[in-house]
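A quick write-up on the structure given underneath.
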Amino acid sequence: KNKQYAEAIVSFNEAIRLSPGSPTPWFNRAQANYYSGKIDAAIADYSQTLRLKPDYLDALFQRGLANNKKGNHDLAIADYTQGITLSPADSQFWYNRGIAQYDKGNLEYALADYNQAIKLNPNYMKAFVNRGAVYYKKKLFDMAVVELTTAIKLDPNNAEAWGNRGMSYSALNQLDLALADYSEAVRVNPKYAKGYLDRAIAYNNKRQNDLAIADLNQAIGLDPKYTSAYIFRGAVYFDTKKYDLSKADMTKVLELSPNNKFANDLLARIAALPK
């Protein structure tokens with residue numbers, strides 16, 4: 001794919017050379033840069049697109065995505081706000097501004113934007129998922145369950161919705177309901193590594209450590225760089241006195257996340273054990 005994007009960029013360079021005043025080739029090159037991971041170059045091209053055509057909604061939307069991906073949440077919010085000004089009935093601008101607000105930690109603003117997105121599009125499944133995430137973050141777990149139940153009704157094959165409702169049930173200490181949701185999450189998407197990790201945590205809470213380890217093995221098999229899965233598996237091994245296995249997992253954590261405090265602390269506890 002990167003080769004295809006590189007070839008596309010060459011073509012768009014020529015289109016820009018031939019027609020530098022047209023916004024379309026700038027936008028097309030921005031898209032190729034964005035999807036090949038060249039975020040700064042993409043932002044520069046989206047910005048040029050908007051200089052040439054300030055009401056280019058797709059460019060505003062995509063620049064918002066790029067800015068948020070870079071962690072420039074205020075710039076993303078500004079882009080989406082401009083999009084809302086130009087097209088107030090477009091639920092996607094409200095939804096994506098909600099994401100940027102959430103990522104910035106502005107939960108009330110995020111909630112307001114998701115509310116408006118749902119008002120404009122009552123079947124906006126992802127907005128219900130994200131509104132549930134806001135309620136979860138606010139520790140309003142019952143309300144999160146309601147939102148995620150609606151999301152599941154809209155799309156029963158969405159693993160994230162099942163998994164997030166499972167997390168809400170876990171927070172309410174309804175572990176059997178949580179386990180059922182995590183199991184459904186990995187059924188509809190067997191490659192959903194987070195679902196296996198979350199189910200492992202629930203199994204561990206029920207002291208079913210063999211099942212927890214099996215799920216953690218599955219999560220790591222799907223994502224060999226899944227730091228959280230190694231951390232939790234190492235903790236389970238430690239609790240079950242399998243210290244060599246715990247040490248191996250904590251060593252792997254430090255490979256993936258140097259100076260990880262949990263890993264360093266657990267390794268120190270293992271080193272201090274009687275020989």
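Lettering and numbering for the structure tokens are positional, with chains as A, B, ... in the shown order, residues counted from 1 in each chain, and ligands counted from 1 in the shown order.
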Practice item. List every residue of segment 119-264 of chain A that DSSP, applied to the backbone of this structure, places in helix (DSSP H, G or I), and write the result as a PyMOL selection string. Key: chain A and resi 119-120+125-137+141-154+159-171+175-188+193-205+209-222+227-239+243-256+261-264
>> Excluding Leu86 of chain A and its own-chain neighbours fewer than 2 positions away, which residues fall within 12 Å of it when counting only C-alpha atoms? Please give them as a ChimeraX atom specification.
In response: /A:54-58,60-61,79-84,88-90,93
In Å and to one decimal, atom CA of Val188 of chain A is distant from atom CA of Lys153 of chain A by 14.0 Å
Using only C-alpha atoms, determine which residues lie at most 12 Å from Tyr35 of chain A, disregarding the query and same-chain residues fewer than 3 positions distant; provide the list as a ChimeraX atom specification.
/A:1-6,8-9,28-32,38-43,62,65-66,69
In terms of only C-alpha atoms, the residue from A:Ala263, A:Asp223, A:Glu255, A:Ile270 at minimal distance from Tyr243 of chain A is A:Ile270
Could you give me, as a list of chain:residue names, the residues within 10 Å of Asp210 of chain A, counting only C-alpha atoms and dropping anything in the same chain fewer than 5 positions from it? A:Ala200, A:Tyr203, A:Asn204, A:Asp215, A:Leu216, A:Val236
